Amino acid sequence: MRIVKSASNENSTSEREDWYQDLVLKTELAEHGPVKGTMVIRPYGYAIWEAIQGELDRRIKLELGAQNAYFPLFIPEHFIKREKEHVEGFSPELAVVTHAGGKKLAEPLIVRPTSETVIGASFHKWINSYRDLPLVINQWANVVRWELRTRMFLRTSEFLWQEGHSAHATQDEASALSRKALEMYARFIEEFLAIPGVSGTKSESERFAGAEVTYAVEGLMRDGKALQLATSHELGVHFAKSFGTEFSDQNGVRQTPYQTSWGASTRLIGAIILAHSDERGLRLPPKVAPVQVVVVPISPDSLVRRAVAKLGEELTARGIRFYVDERDETPGFKFNHWEQKGVPLRVEIGPRDVKAKKAQFVRRDTGEHTAHALTTAGVRAWEMLQQIHDGLYDQALEFRTRHTHRPKAFTEVTRILKDEGGFVELLWCGRASCEAKMKRETTATLRVLPFAKEHSGRCGICGNAARTTALFAKAY
């Protein structure tokens, strides 16, 4: 497998796509489903999702005070139609059920593309007083969006995700929760997935359908394209008004609550692949790796077995996920297999190692090969896993820094995006016409307006006074 790093190569786009799809298939993360655009997530890939789900669920409950619930997959068509911008934004992607039980339905049903409307209907029943607020609900579910061009984990017709929803007495409270959710995602993506993200606000054209403000975390992948990693939305009172949701404030006056929604999906698995993998296969961050340490006995010798068993006890005591590969295959076959699967750390133990009272450690992130005393092998493995996380993060950050361009003239932008890829950071006047020009002439989209960026100067597209800094990139 080979990553094509130059966007100027005529076949680079198709080669990169082939590399990605081949890697997903060969490492048994997923396979194509029987319906075009769907995927079967295989156990190895689902174990990564379970690690993501477990940690993110913990943080959502702890940091945002959310409670988990579940809402129906089928949504009455009139629910979707209640919010004009929402239905217009999702209309091309909707899957609609018109027949069931052998009969035509009196009203078509929408297969859940997102749950703002069906949750809005429940909020209408649950909220009556200021004492019912804030209400913070989260669900883990599948959603269906009928995509025309699909790639496993990145863009599929059905995918798994987490979506949080909240209702608040004031706009300030809703805005604070929305920003807090985004900050939680950004920390999680950095601390758990070893991916440095850029947080900010989406432009009006890139905003979530029906939202007043959309925030996002964007990541830069190793092929020079951007990937949206998580989003958070201030929904204002649109959905509450659509469902007639009101509450009595402390003075007995009826008010309309402000709502938010925020989510992340199995796209994060695609991000891990694209942000960290190399020409030999996956490189998994230790915190999500189904197998964190693979132990390869070089011989069936009884002393080797005893040393492997002792190491297994130490790894278990430290909560490390490990696998002892005793298959009837050559060591070279095993090394290649686990390298391709992205296992962060390989430990080799043979008769000579036992005699020397050492174990051989091989890091997947750097390929570094070192020897460590068998008596301290367990603690060294634990320490090295953290070093591997930091190493992957540092490499991803260095790549992003090196591929964040600040051209002095718009004429440079096309060349940069064609030859090098990456983020293009420009001062922007805020006009939709300039954003459209960038997309038209380069196919790059405005990914995010980064927080806390200076914006004094001239728009890098039209030359008028700038209002903000914008990050542009080609995306999936």
# chains A, B, ... in the order shown; residues from 1 in each chain; ligands from 1
>>> select_by_dssp(residues="range 80-284 of chain A", states="alpha helix (DSSP H)", output="PyMOL selection string")
chain A and resi 80-81+84-90+116-126+171-193+238-242+267-276
>>> write_last_selection(atoms="C-alpha atoms", output="short mmCIF file (atom, residue, chain, number, x, y, z; two decimals), in the first residue's frame")
data_model
loop_
_atom_site.label_atom_id
_atom_site.label_comp_id
_atom_site.auth_asym_id
_atom_site.auth_seq_id
_atom_site.Cartn_x
_atom_site.Cartn_y
_atom_site.Cartn_z
CA ILE A 80 -39.68 17.24 8.96
CA LYS A 81 -41.79 19.78 7.05
CA LYS A 84 -38.50 24.93 6.42
CA GLU A 85 -34.70 25.33 6.39
CA HIS A 86 -34.29 21.86 7.89
CA VAL A 87 -36.34 20.08 5.24
CA GLU A 88 -34.70 22.05 2.41
CA GLY A 89 -31.24 21.19 3.70
CA PHE A 90 -31.90 17.46 3.99
CA GLU A 116 -34.01 17.42 15.80
CA THR A 117 -37.66 17.05 14.83
CA VAL A 118 -38.54 13.81 16.60
CA ILE A 119 -36.72 14.94 19.74
CA GLY A 120 -38.41 18.34 19.42
CA ALA A 121 -41.77 16.56 19.61
CA SER A 122 -40.72 14.87 22.88
CA PHE A 123 -39.34 18.13 24.29
CA HIS A 124 -42.77 19.65 23.68
CA LYS A 125 -44.23 17.05 26.07
CA TRP A 126 -41.42 17.13 28.62
CA GLN A 171 -29.93 32.03 24.49
CA ASP A 172 -26.77 32.62 26.52
CA GLU A 173 -27.18 29.28 28.30
CA ALA A 174 -27.74 27.48 25.00
CA SER A 175 -24.74 29.16 23.41
CA ALA A 176 -22.54 28.24 26.38
CA LEU A 177 -23.58 24.58 26.19
CA SER A 178 -22.99 24.46 22.44
CA ARG A 179 -19.47 25.87 22.83
CA LYS A 180 -18.78 23.56 25.77
CA ALA A 181 -19.77 20.55 23.64
CA LEU A 182 -17.39 21.64 20.90
CA GLU A 183 -14.54 22.08 23.37
CA MET A 184 -15.25 18.59 24.71
CA TYR A 185 -15.00 17.13 21.20
CA ALA A 186 -11.76 18.98 20.49
CA ARG A 187 -10.14 17.66 23.68
CA PHE A 188 -11.39 14.14 23.04
CA ILE A 189 -10.07 14.12 19.47
CA GLU A 190 -6.67 15.29 20.67
CA GLU A 191 -6.40 13.25 23.87
CA PHE A 192 -7.93 10.02 22.57
CA LEU A 193 -7.41 9.97 18.79
CA HIS A 238 -36.84 27.52 15.43
CA PHE A 239 -37.53 23.91 16.37
CA ALA A 240 -39.23 24.84 19.65
CA LYS A 241 -41.62 27.16 17.81
CA SER A 242 -42.27 24.52 15.16
CA ARG A 267 -16.36 9.19 10.48
CA LEU A 268 -13.87 9.43 13.36
CA ILE A 269 -12.61 5.96 12.36
CA GLY A 270 -11.97 7.29 8.87
CA ALA A 271 -10.12 10.21 10.45
CA ILE A 272 -7.85 7.84 12.38
CA ILE A 273 -7.01 6.00 9.16
CA LEU A 274 -6.34 9.13 7.13
CA ALA A 275 -4.51 11.12 9.82
CA HIS A 276 -2.08 8.42 10.95
#
>>> residues_around(residues="Val308 in chain A", least_positions_apart="3", cutoff="12 Å", atoms="only C-alpha atoms", output="VMD selection string")
chain A and resid 294 to 305 311 to 315 322 to 326 347 to 351 353 to 354 357 to 359 374 to 375 377 to 378
>>> residues_around(residues="range 209-217 of chain A", least_positions_apart="5", cutoff="6 Å", atoms="only C-alpha atoms", output="list of chain:residue names")
A:Glu85, A:His86, A:Gly89, A:Gly197, A:Val198, A:Ser199, A:Gly200, A:Thr201, A:Lys202, A:Leu229, A:Ala230, A:Thr231, A:Ser232, A:His233, A:Glu234, A:Leu235
>>> write_last_selection(atoms="N, CA and C atoms", output="compact mmCIF listing (two decimals), in the first residue's frame")
# COMPACT_ATOMS: atom_id res chain seq x y z
N GLU A 85 -36.12 25.42 6.74
CA GLU A 85 -34.70 25.33 6.39
C GLU A 85 -34.20 23.90 6.58
N HIS A 86 -34.71 23.22 7.59
CA HIS A 86 -34.29 21.86 7.89
C HIS A 86 -34.66 20.92 6.75
N GLY A 89 -32.63 21.62 3.60
CA GLY A 89 -31.24 21.19 3.70
C GLY A 89 -31.07 19.69 3.54
N GLY A 197 -7.00 19.21 16.09
CA GLY A 197 -8.11 19.80 15.36
C GLY A 197 -8.06 21.32 15.39
N VAL A 198 -8.76 21.94 14.46
CA VAL A 198 -8.93 23.39 14.44
C VAL A 198 -10.41 23.67 14.71
N SER A 199 -10.69 24.40 15.77
CA SER A 199 -12.07 24.69 16.15
C SER A 199 -12.46 26.09 15.71
N GLY A 200 -13.74 26.22 15.33
CA GLY A 200 -14.22 27.53 14.92
C GLY A 200 -15.67 27.47 14.49
N THR A 201 -16.08 28.50 13.78
CA THR A 201 -17.46 28.65 13.33
C THR A 201 -17.55 28.37 11.84
N LYS A 202 -18.64 27.75 11.43
CA LYS A 202 -18.90 27.52 10.01
C LYS A 202 -19.48 28.79 9.39
N LEU A 229 -14.67 16.72 11.84
CA LEU A 229 -14.58 15.68 12.86
C LEU A 229 -15.75 15.69 13.84
N ALA A 230 -16.30 16.85 14.12
CA ALA A 230 -17.43 16.96 15.04
C ALA A 230 -18.06 18.32 14.84
N THR A 231 -19.35 18.43 15.19
CA THR A 231 -20.05 19.71 15.05
C THR A 231 -20.94 19.96 16.26
N SER A 232 -21.24 21.23 16.44
CA SER A 232 -22.17 21.66 17.50
C SER A 232 -22.97 22.84 16.97
N HIS A 233 -24.27 22.85 17.25
CA HIS A 233 -25.16 23.84 16.63
C HIS A 233 -26.01 24.58 17.66
N GLU A 234 -26.10 25.88 17.47
CA GLU A 234 -27.10 26.68 18.19
C GLU A 234 -28.33 26.74 17.29
N LEU A 235 -29.42 26.17 17.76
CA LEU A 235 -30.63 26.07 16.94
C LEU A 235 -31.61 27.21 17.18
>>> closest_residue(among="A:Ala226, A:Asn251, A:Asp278, A:Tyr393", to="Val424 in chain A", atoms="only C-alpha atoms")
A:Ala226
>>> closest_atom_pairs(of="range 160-224 of chain A", to="range 415-423 of chain A", cutoff="8 Å", atoms="only C-alpha atoms", output="CSV")
residue,atom,partner,partner_atom,distance
A:Leu220,CA,A:Gly422,CA,6.8
A:Asp223,CA,A:Gly421,CA,7.5
A:Gly224,CA,A:Gly422,CA,4.3
>>> residues_around(residues="Glu107 in chain A", least_positions_apart="4", cutoff="9 Å", atoms="only C-alpha atoms", output="list in words")
Pro76, Glu77, His78 and Thr98 of chain A
>>> write_last_selection(atoms="C-alpha atoms", output="PDB file, in the first residue's frame")
ATOM      1  CA  PRO A  76     -43.560  11.357  10.276  1.00  0.00           C
ATOM      2  CA  GLU A  77     -43.117  13.448   7.151  1.00  0.00           C
ATOM      3  CA  HIS A  78     -45.028  16.372   8.640  1.00  0.00           C
ATOM      4  CA  THR A  98     -44.213   4.841   1.463  1.00  0.00           C
TER       5      THR A  98
END
